[in-house]
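Visitor: Below is the file my_file_17.txt, which contains compact mmCIF, C-alpha atoms.
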# COMPACT_ATOMS: atom_id res chain seq x y z
CA MET A 1 -35.91 -29.22 -76.87
CA ALA A 2 -35.91 -25.85 -75.15
CA THR A 3 -38.22 -23.19 -76.53
CA ASN A 4 -36.99 -19.63 -76.95
CA PRO A 5 -39.85 -17.15 -77.25
CA SER A 6 -39.43 -14.19 -79.56
CA ARG A 7 -39.03 -10.72 -78.11
CA THR A 8 -42.71 -10.03 -78.71
CA ASP A 9 -43.97 -13.23 -77.08
CA ARG A 10 -44.50 -13.60 -73.38
CA ILE A 11 -42.54 -16.39 -71.68
CA LYS A 12 -45.01 -19.04 -70.50
CA VAL A 13 -44.16 -20.11 -66.95
CA GLY A 14 -45.33 -22.90 -64.68
CA VAL A 15 -44.78 -22.91 -60.91
CA ILE A 16 -43.99 -26.18 -59.13
CA GLY A 17 -44.64 -25.85 -55.41
CA CYS A 18 -47.13 -23.20 -54.31
CA GLY A 19 -46.37 -22.92 -50.61
CA ALA A 20 -45.87 -19.77 -48.57
CA PHE A 21 -42.67 -18.67 -50.31
CA ALA A 22 -44.16 -18.85 -53.81
CA GLN A 23 -47.30 -17.10 -52.60
CA LEU A 24 -45.46 -14.36 -50.72
CA MET A 25 -43.22 -13.30 -53.58
CA HIS A 26 -43.00 -15.21 -56.84
CA LEU A 27 -46.66 -15.42 -57.88
CA ARG A 28 -47.20 -11.73 -57.18
CA VAL A 29 -44.06 -10.78 -59.10
CA LEU A 30 -45.06 -12.92 -62.08
CA ALA A 31 -48.49 -11.29 -62.09
CA ASP A 32 -46.77 -7.88 -62.29
CA LEU A 33 -44.20 -8.54 -65.03
CA ASP A 34 -45.49 -8.20 -68.59
CA GLU A 35 -42.75 -10.36 -70.14
CA PHE A 36 -44.09 -13.48 -68.40
CA GLU A 37 -47.39 -15.33 -68.57
CA LEU A 38 -48.28 -17.62 -65.66
CA VAL A 39 -49.98 -20.58 -67.34
CA ALA A 40 -49.70 -23.52 -64.91
CA LEU A 41 -49.47 -24.37 -61.22
CA SER A 42 -48.73 -27.62 -59.43
CA ASP A 43 -48.77 -28.54 -55.78
CA SER A 44 -49.59 -31.66 -53.79
CA SER A 45 -52.45 -29.64 -52.30
CA ALA A 46 -55.45 -29.48 -54.66
CA GLN A 47 -56.90 -26.88 -52.30
CA VAL A 48 -53.94 -24.56 -52.88
CA VAL A 49 -53.85 -25.09 -56.66
CA THR A 50 -57.58 -24.38 -57.02
CA ALA A 51 -57.55 -21.25 -54.87
CA LEU A 52 -54.42 -19.76 -56.48
CA GLY A 53 -55.58 -20.73 -59.96
CA GLU A 54 -58.72 -18.68 -59.38
CA ARG A 55 -56.82 -15.78 -57.81
CA TYR A 56 -54.33 -15.44 -60.67
CA ASN A 57 -56.55 -16.76 -63.49
CA VAL A 58 -54.18 -19.63 -64.27
CA PRO A 59 -55.59 -22.22 -66.69
CA GLY A 60 -53.29 -25.16 -65.87
CA ARG A 61 -53.91 -26.59 -62.37
CA TYR A 62 -52.18 -29.81 -61.43
CA THR A 63 -51.24 -31.90 -58.41
CA THR A 64 -48.19 -33.61 -59.93
CA VAL A 65 -44.97 -32.36 -61.48
CA GLU A 66 -45.38 -34.60 -64.52
CA GLU A 67 -48.78 -33.16 -65.38
CA LEU A 68 -47.52 -29.60 -65.21
CA LEU A 69 -44.51 -30.32 -67.42
CA ASP A 70 -46.86 -31.59 -70.13
CA HIS A 71 -48.86 -28.34 -70.15
CA PRO A 72 -49.10 -27.11 -73.78
CA GLY A 73 -46.67 -24.37 -74.78
CA LEU A 74 -44.81 -24.27 -71.46
CA ASP A 75 -41.42 -22.52 -71.81
CA ALA A 76 -40.03 -22.37 -68.29
CA VAL A 77 -40.66 -23.43 -64.72
CA LEU A 78 -40.06 -22.08 -61.25
CA ILE A 79 -39.31 -24.88 -58.80
CA ALA A 80 -40.28 -23.77 -55.31
CA ASN A 81 -41.20 -27.00 -53.56
CA ARG A 82 -39.14 -28.23 -50.62
CA ASP A 83 -37.12 -31.05 -52.19
CA HIS A 84 -36.02 -29.84 -55.62
CA THR A 85 -34.04 -32.70 -57.15
CA PHE A 86 -36.80 -34.72 -58.80
CA ALA A 87 -38.64 -31.69 -60.18
CA VAL A 88 -35.44 -30.08 -61.53
CA ALA A 89 -34.34 -33.29 -63.25
CA ALA A 90 -37.81 -33.86 -64.74
CA ALA A 91 -38.00 -30.29 -66.05
CA LEU A 92 -34.54 -30.52 -67.63
CA ASP A 93 -35.43 -33.83 -69.27
CA LYS A 94 -38.46 -32.09 -70.80
CA GLY A 95 -36.26 -29.29 -72.15
CA LYS A 96 -37.72 -26.53 -69.97
CA HIS A 97 -35.80 -23.49 -68.76
CA VAL A 98 -35.46 -23.76 -64.98
CA LEU A 99 -35.36 -21.23 -62.17
CA VAL A 100 -35.00 -23.16 -58.91
CA GLU A 101 -35.27 -21.63 -55.48
CA LYS A 102 -32.19 -21.99 -53.33
CA PRO A 103 -30.65 -24.34 -52.46
CA LEU A 104 -30.13 -26.12 -55.78
CA CYS A 105 -30.65 -29.43 -53.96
CA LEU A 106 -29.61 -31.05 -50.69
CA ASP A 107 -26.61 -33.20 -51.59
CA PRO A 108 -23.64 -32.16 -53.76
CA ALA A 109 -23.74 -35.60 -55.43
CA GLU A 110 -27.27 -34.81 -56.63
CA GLY A 111 -26.10 -31.32 -57.60
CA ARG A 112 -23.35 -32.64 -59.84
CA ASP A 113 -25.90 -34.78 -61.66
CA LEU A 114 -28.19 -31.77 -62.15
CA VAL A 115 -25.31 -29.70 -63.55
CA GLU A 116 -24.61 -32.42 -66.11
CA ARG A 117 -28.29 -32.69 -67.03
CA ALA A 118 -28.55 -28.91 -67.46
CA ASP A 119 -25.50 -28.85 -69.74
CA ALA A 120 -26.94 -31.66 -71.84
CA ALA A 121 -30.37 -30.00 -72.06
CA GLY A 122 -28.96 -26.71 -73.35
CA VAL A 123 -31.47 -24.65 -71.37
CA VAL A 124 -31.21 -21.70 -68.98
CA ALA A 125 -30.63 -23.31 -65.58
CA MET A 126 -30.50 -20.77 -62.77
CA VAL A 127 -30.66 -20.77 -58.96
CA GLY A 128 -32.87 -18.05 -57.49
CA TYR A 129 -30.32 -16.26 -55.31
CA MET A 130 -32.21 -12.97 -55.49
CA LYS A 131 -29.64 -11.11 -53.38
CA ARG A 132 -27.05 -11.53 -56.12
CA TYR A 133 -29.40 -9.58 -58.40
CA ASP A 134 -30.37 -6.95 -55.84
CA TRP A 135 -29.47 -3.37 -56.79
CA GLY A 136 -27.56 -2.96 -53.53
CA PHE A 137 -25.26 -5.90 -54.18
CA HIS A 138 -24.47 -4.71 -57.71
CA GLU A 139 -23.78 -1.22 -56.38
CA LEU A 140 -21.50 -2.66 -53.69
CA LEU A 141 -19.51 -4.53 -56.34
CA ARG A 142 -19.29 -1.39 -58.50
CA ARG A 143 -17.86 0.66 -55.64
CA LEU A 144 -15.46 -1.94 -54.21
CA PRO A 145 -12.47 -0.72 -56.26
CA ASP A 146 -12.91 2.74 -54.73
CA ILE A 147 -11.89 1.60 -51.24
CA GLY A 148 -8.68 -0.14 -52.26
CA GLU A 149 -7.59 -3.58 -51.13
CA PRO A 150 -10.08 -5.00 -48.58
CA ARG A 151 -8.55 -5.56 -45.14
CA LEU A 152 -11.59 -7.29 -43.63
CA VAL A 153 -14.91 -8.61 -44.92
CA ARG A 154 -17.86 -9.36 -42.64
CA VAL A 155 -21.10 -11.06 -43.64
CA HIS A 156 -23.58 -10.88 -40.77
CA ASP A 157 -27.03 -12.54 -40.71
CA PHE A 158 -29.25 -12.92 -37.66
CA LYS A 159 -32.68 -14.47 -38.17
CA SER A 160 -35.68 -12.21 -37.79
CA GLU A 161 -39.28 -13.21 -37.17
CA PHE A 162 -39.91 -14.00 -40.82
CA HIS A 163 -43.60 -14.65 -40.26
CA ILE A 164 -44.31 -11.01 -39.34
CA PRO A 165 -44.83 -9.77 -42.94
CA TRP A 166 -47.11 -12.75 -43.64
CA THR A 167 -49.92 -10.74 -42.07
CA LEU A 168 -49.68 -8.48 -45.14
CA TYR A 169 -50.77 -11.30 -47.44
CA ASP A 170 -53.66 -13.72 -47.75
CA LEU A 171 -51.95 -17.11 -47.78
CA VAL A 172 -53.72 -20.31 -48.82
CA ARG A 173 -52.90 -23.15 -46.43
CA ARG A 174 -52.11 -26.73 -47.43
CA ASP A 175 -54.61 -28.24 -45.00
CA ASP A 176 -55.59 -31.10 -47.33
CA VAL A 177 -52.13 -32.70 -47.49
CA PRO A 178 -51.94 -35.70 -45.12
CA VAL A 179 -49.49 -35.39 -42.25
CA ALA A 180 -47.94 -38.74 -43.21
CA GLU A 181 -47.13 -37.37 -46.68
CA LYS A 182 -45.44 -34.29 -45.19
CA ASP A 183 -43.50 -36.48 -42.73
CA ALA A 184 -42.31 -38.76 -45.54
CA GLU A 185 -41.06 -35.76 -47.52
CA MET A 186 -39.13 -34.44 -44.52
CA ALA A 187 -37.62 -37.90 -43.94
CA ARG A 188 -36.41 -38.04 -47.56
CA MET A 189 -34.88 -34.60 -47.23
CA ARG A 190 -33.11 -35.48 -44.00
CA ALA A 191 -31.72 -38.65 -45.59
CA SER A 192 -30.26 -36.57 -48.46
CA MET A 193 -28.69 -34.11 -46.02
CA SER A 194 -27.27 -36.95 -43.90
CA SER A 195 -25.71 -38.44 -47.03
CA ALA A 196 -24.14 -35.08 -47.84
CA VAL A 197 -22.42 -34.49 -44.50
CA GLY A 198 -21.56 -38.13 -43.75
CA ASP A 199 -21.38 -40.00 -40.47
CA GLY A 200 -21.05 -37.67 -37.51
CA GLY A 201 -22.05 -34.61 -39.50
CA ASN A 202 -24.39 -32.11 -37.87
CA VAL A 203 -27.46 -32.39 -40.09
CA ASP A 204 -29.32 -29.62 -38.28
CA LEU A 205 -26.45 -27.19 -38.82
CA TYR A 206 -26.23 -28.19 -42.49
CA ARG A 207 -29.97 -27.62 -42.89
CA ILE A 208 -29.60 -24.08 -41.53
CA LEU A 209 -26.66 -23.38 -43.84
CA LEU A 210 -28.79 -24.51 -46.81
CA PHE A 211 -32.17 -22.97 -46.06
CA PHE A 212 -31.26 -19.94 -43.97
CA ALA A 213 -27.67 -19.01 -44.79
CA SER A 214 -26.94 -20.17 -48.34
CA HIS A 215 -27.60 -16.60 -49.53
CA ASP A 216 -24.74 -15.47 -47.30
CA LEU A 217 -22.36 -18.08 -48.68
CA ASN A 218 -23.40 -17.07 -52.17
CA VAL A 219 -22.88 -13.31 -51.79
CA MET A 220 -19.47 -13.91 -50.21
CA ARG A 221 -18.47 -16.07 -53.14
CA GLY A 222 -20.06 -13.54 -55.50
CA MET A 223 -17.74 -10.85 -54.15
CA PHE A 224 -14.43 -12.70 -54.04
CA GLY A 225 -14.85 -16.20 -55.44
CA GLU A 226 -13.86 -19.38 -53.68
CA PRO A 227 -12.02 -19.04 -50.35
CA HIS A 228 -8.48 -20.38 -50.25
CA ALA A 229 -9.19 -22.15 -46.99
CA ILE A 230 -11.46 -22.22 -43.95
CA ASP A 231 -9.29 -21.08 -41.06
CA ALA A 232 -11.73 -21.60 -38.18
CA VAL A 233 -15.34 -22.55 -37.44
CA ARG A 234 -17.10 -22.11 -34.10
CA VAL A 235 -20.61 -23.52 -33.64
CA THR A 236 -22.95 -22.91 -30.71
CA GLY A 237 -25.81 -25.35 -30.51
CA ASN A 238 -27.08 -26.33 -33.93
CA ASP A 239 -28.03 -22.87 -35.08
CA THR A 240 -25.21 -20.34 -34.60
CA LEU A 241 -21.96 -20.30 -36.54
CA VAL A 242 -18.95 -18.00 -36.80
CA ALA A 243 -16.36 -18.87 -39.43
CA MET A 244 -13.18 -17.25 -40.70
CA LEU A 245 -12.41 -17.79 -44.38
CA ASP A 246 -9.02 -17.12 -45.94
CA TYR A 247 -8.99 -14.90 -49.04
CA GLY A 248 -5.24 -14.36 -49.08
CA HIS A 249 -4.10 -10.79 -49.65
CA ARG A 250 -7.69 -9.51 -49.29
CA GLY A 251 -7.64 -10.28 -45.60
CA PRO A 252 -9.97 -12.59 -43.69
CA ALA A 253 -13.69 -12.86 -44.26
CA LEU A 254 -15.89 -13.34 -41.21
CA LEU A 255 -19.18 -15.17 -41.56
CA GLU A 256 -21.59 -14.61 -38.64
CA LEU A 257 -24.85 -16.56 -38.70
CA SER A 258 -27.50 -17.24 -36.11
CA ALA A 259 -30.91 -18.81 -36.50
CA ALA A 260 -31.31 -18.81 -32.71
CA THR A 261 -32.71 -15.29 -32.67
CA ASP A 262 -36.20 -13.96 -33.34
CA LEU A 263 -35.44 -10.30 -33.83
CA GLY A 264 -38.39 -8.05 -34.58
CA TRP A 265 -36.46 -6.54 -37.48
CA PHE A 266 -34.53 -7.93 -40.45
CA GLU A 267 -30.76 -7.91 -40.07
CA GLU A 268 -28.47 -9.02 -42.88
CA GLU A 269 -25.43 -6.92 -43.72
CA ILE A 270 -22.18 -7.06 -45.69
CA THR A 271 -19.29 -4.84 -44.58
CA VAL A 272 -16.04 -4.43 -46.51
CA ALA A 273 -13.31 -2.38 -44.81
CA GLY A 274 -10.32 -0.92 -46.62
CA ALA A 275 -7.43 1.06 -45.14
CA THR A 276 -9.37 4.35 -44.86
CA ASP A 277 -12.79 3.61 -46.35
CA MET A 278 -15.62 1.22 -45.60
CA LEU A 279 -18.71 0.02 -47.47
CA SER A 280 -21.72 -1.53 -45.76
CA LEU A 281 -24.80 -2.99 -47.44
CA ARG A 282 -28.02 -3.73 -45.60
CA PHE A 283 -30.42 -5.93 -47.52
CA PRO A 284 -34.17 -5.22 -47.36
CA HIS A 285 -36.56 -7.72 -45.81
CA PRO A 286 -36.96 -10.50 -48.40
CA TYR A 287 -40.73 -10.85 -47.93
CA VAL A 288 -41.65 -7.20 -48.45
CA HIS A 289 -42.26 -6.14 -52.03
CA TYR A 290 -40.33 -3.22 -53.50
CA GLY A 291 -37.91 -3.15 -50.57
CA GLN A 292 -34.96 -0.76 -50.73
CA ALA A 293 -31.37 -1.82 -50.11
CA GLU A 294 -29.26 0.65 -48.13
CA LEU A 295 -25.59 1.30 -48.88
CA ALA A 296 -23.38 3.22 -46.45
CA LEU A 297 -20.02 4.72 -47.47
CA ARG A 298 -17.69 5.87 -44.70
CA SER A 299 -14.27 7.49 -45.18
CA HIS A 300 -11.70 9.47 -43.25
CA ASP A 301 -9.66 12.29 -44.79
CA GLY A 302 -7.10 12.54 -41.98
CA THR A 303 -9.16 15.03 -40.05
CA ALA A 304 -12.82 14.10 -40.13
CA THR A 305 -15.00 11.11 -40.88
CA GLN A 306 -17.62 11.42 -43.57
CA GLU A 307 -20.57 9.10 -44.03
CA ARG A 308 -23.01 8.91 -46.93
CA ARG A 309 -26.09 6.70 -47.07
CA ILE A 310 -27.75 5.72 -50.34
CA LEU A 311 -31.16 4.11 -50.60
CA GLY A 312 -31.65 1.96 -53.66
CA PRO A 313 -34.67 1.98 -55.98
CA TYR A 314 -38.02 0.42 -55.13
CA ASP A 315 -37.07 -2.65 -57.13
CA ASP A 316 -36.58 -5.76 -55.03
CA GLY A 317 -34.27 -8.64 -55.81
CA PHE A 318 -37.08 -11.00 -56.80
CA ARG A 319 -38.22 -8.77 -59.66
CA ARG A 320 -34.65 -8.28 -60.80
CA THR A 321 -34.07 -12.05 -60.66
CA TRP A 322 -37.05 -12.74 -62.90
CA ARG A 323 -36.02 -10.06 -65.37
CA HIS A 324 -32.51 -11.55 -65.55
CA PHE A 325 -34.01 -15.01 -66.07
CA GLY A 326 -36.10 -13.68 -68.95
CA SER A 327 -33.11 -11.96 -70.53
CA TYR A 328 -31.05 -15.17 -70.41
CA ILE A 329 -33.89 -17.06 -72.11
CA ARG A 330 -34.24 -14.47 -74.88
CA ASP A 331 -30.62 -13.39 -75.35
CA GLY A 332 -28.55 -16.36 -74.17
CA GLY A 333 -25.64 -16.33 -71.78
CA THR A 334 -24.80 -18.10 -68.53
CA PRO A 335 -26.60 -16.89 -65.39
CA ILE A 336 -24.37 -15.48 -62.67
CA THR A 337 -26.19 -17.89 -60.33
CA SER A 338 -25.87 -20.93 -62.55
CA PHE A 339 -26.29 -24.50 -61.35
CA ARG A 340 -22.50 -24.70 -61.02
CA ASP A 341 -22.62 -21.66 -58.75
CA GLY A 342 -25.32 -23.33 -56.64
CA LEU A 343 -23.28 -26.52 -56.45
CA ALA A 344 -20.29 -24.57 -55.10
CA ASP A 345 -22.48 -23.30 -52.25
CA LEU A 346 -23.50 -26.85 -51.38
CA GLU A 347 -19.87 -27.93 -51.28
CA LEU A 348 -18.91 -24.98 -49.07
CA ALA A 349 -21.85 -25.70 -46.74
CA VAL A 350 -20.75 -29.32 -46.42
CA GLU A 351 -17.20 -28.29 -45.54
CA LEU A 352 -18.37 -25.74 -42.96
CA THR A 353 -20.64 -28.37 -41.42
CA ARG A 354 -17.87 -30.95 -41.20
CA ARG A 355 -15.51 -28.43 -39.63
CA GLY A 356 -18.22 -27.33 -37.22
CA SER A 357 -19.06 -30.94 -36.32
CA ALA A 358 -15.47 -31.91 -35.49
Spit out the file's structure as structure tokens when you get a sec.
Guide:
Amino acid sequence: MATNPSRTDRIKVGVIGCGAFAQLMHLRVLADLDEFELVALSDSSAQVVTALGERYNVPGRYTTVEELLDHPGLDAVLIANRDHTFAVAAALDKGKHVLVEKPLCLDPAEGRDLVERADAAGVVAMVGYMKRYDWGFHELLRRLPDIGEPRLVRVHDFKSEFHIPWTLYDLVRRDDVPVAEKDAEMARMRASMSSAVGDGGNVDLYRILLFFASHDLNVMRGMFGEPHAIDAVRVTGNDTLVAMLDYGHRGPALLELSAATDLGWFEEEITVAGATDMLSLRFPHPYVHYGQAELALRSHDGTATQERRILGPYDDGFRRTWRHFGSYIRDGGTPITSFRDGLADLELAVELTRRGSA
């Protein structure tokens, strides 16, 4: 059964998968937030678990998922390993609240099973789409009615050199994990993705949509819901996609994605244009703590164009995600990035891949 800590108790959290992403953001955030207590770590690398356990003074240090889930008093888990399905299912079966890094899993068939398991477990089951919790995205949604009916929506995401901020942090490497074990994990993941897109599906494109661009699918759906149809998809190579999605009277939504670039800056932006006004949101770099979102408001009064730029608070989406997760555990409610929401992204990614593979 799920445990629900009182308002005065800290939520005891275990982290499954302690690679670069967990080290860059999640572990540091958990160490900062008073409402959580980091009590257990697991990773296939004993070297990583030992070093991070010492760094963050974590008592529970394990090399298997099963051992971590049996840690005494554990309330919730973050799942940040590469292939999430087994760990998510095991955590739900143990009655733990679950925050899983995106994507929910690799195959919608697996996702539907996880949704059913989460419903049966009666726990908080949430996908870590931190951009849906970012101040800038919430401010964009709040101001959307001010510009009238959208005529055009554009979600633009070009890959930057993500490794650049890594020099800011002291990462522990997984040098003790055998290459054969890593290769076997990647083979299992590719088999799941191949099953999802079917014969003739572009697995490499699907992988990019899941691991690079699923945030973009999610914020688009978070603004306007499910598209009525996919009007067109153009793919260049296996790593660049432009799609036009039909949102009826709201006008078309353009999705522009490229993982073929290595820009020296981070570039991810949402633009919503009305008849005379336009809103643009630039997300901060995801791997820099306390990053500020930037919102631009542009309007024309018949004579002159006015532009106003607003910088958000020093409160990045990861911290806001964890605080929302804690509030759902204590107060109840369905997360805005529920497992069902994550499943919808998988299904949209599959459809885009199939259209782009035709």
Visitor: Suppose you want the space between atom CA of Val13 of chain A and atom CA of Glu116 of chain A; what is it in Å?
Guide: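 Interatomic distance here is 23.1 Å.
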Visitor: Which one of A:Ile230, A:Ala196, A:His138, A:Val155 sits closest to Gly312 of chain A if you count only C-alpha atoms?
Guide: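 Result for the nearest residue to Gly312 of chain A: A:His138.
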Visitor: Using only C-alpha atoms, find the one residue out of A:Phe224, A:Tyr62, A:Tyr56, A:Tyr133 that sits nearest to Tyr247 of chain A.
Guide: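 Residue with the minimum atom-to-atom distance to Tyr247 of chain A: A:Phe224.
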Visitor: Between A:Arg28, A:Arg190, A:Arg151, A:Arg61, single out the one closest to Tyr206 of chain A, counting all atoms listed in the file.
Guide: A:Arg190
Visitor: Counting only C-alpha atoms, I want the residues whose atoms come within 10 Å of (-55.4, -24.6, -63.0) in the file frame, returned as a ChimeraX atom specification.
Guide: /A:39-42,46,49-54,56-63,68
Visitor: Pull the neighbourhood of (-27.9, -1.4, -47.5) for me: all residues within 8 Å in file coordinates, counting all atoms listed in the file, as number ranges by chain.
Guide: A: 136, 269, 280-284, 292-296, 310-312
Visitor: When you look at Leu141 of chain A with a cut-off of 12 Å (counting only C-alpha atoms), what residues show up, excluding the ones that are within fewer than 6 positions of it in the same chain? I need them as a list in words.
Guide: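 Residues near the query, excluding close chain neighbours: Arg132, Tyr133, Asp134, Trp135, Ile147, Val219, Met220, Gly222, Met223, Phe224, Ile270, Thr271, Val272, Leu279, Ser280, Leu281 and Leu295 of chain A.
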Visitor: Please dump the current selection as a PDB file, in the frame of the given file; keep C-alpha atoms.
Guide:
ATOM      1  CA  ARG A 132     -27.050 -11.530 -56.120  1.00  0.00           C
ATOM      2  CA  TYR A 133     -29.400  -9.580 -58.400  1.00  0.00           C
ATOM      3  CA  ASP A 134     -30.370  -6.950 -55.840  1.00  0.00           C
ATOM      4  CA  TRP A 135     -29.470  -3.370 -56.790  1.00  0.00           C
ATOM      5  CA  ILE A 147     -11.890   1.600 -51.240  1.00  0.00           C
ATOM      6  CA  VAL A 219     -22.880 -13.310 -51.790  1.00  0.00           C
ATOM      7  CA  MET A 220     -19.470 -13.910 -50.210  1.00  0.00           C
ATOM      8  CA  GLY A 222     -20.060 -13.540 -55.500  1.00  0.00           C
ATOM      9  CA  MET A 223     -17.740 -10.850 -54.150  1.00  0.00           C
ATOM     10  CA  PHE A 224     -14.430 -12.700 -54.040  1.00  0.00           C
ATOM     11  CA  ILE A 270     -22.180  -7.060 -45.690  1.00  0.00           C
ATOM     12  CA  THR A 271     -19.290  -4.840 -44.580  1.00  0.00           C
ATOM     13  CA  VAL A 272     -16.040  -4.430 -46.510  1.00  0.00           C
ATOM     14  CA  LEU A 279     -18.710   0.020 -47.470  1.00  0.00           C
ATOM     15  CA  SER A 280     -21.720  -1.530 -45.760  1.00  0.00           C
ATOM     16  CA  LEU A 281     -24.800  -2.990 -47.440  1.00  0.00           C
ATOM     17  CA  LEU A 295     -25.590   1.300 -48.880  1.00  0.00           C
TER      18      LEU A 295
END
Visitor: Can you tell me which residues surround segment 96-113 of chain A at a distance of at most 8 Å, considering only C-alpha atoms, apart from same-chain residues fewer than 3 positions away, and format the answer as a PyMOL selection string?
Guide: chain A and resi 1-3+74-80+83-85+88+91-93+116-117+123-129+189+192-193+195-196+210-211+214+325+329+339+342-343+346-347
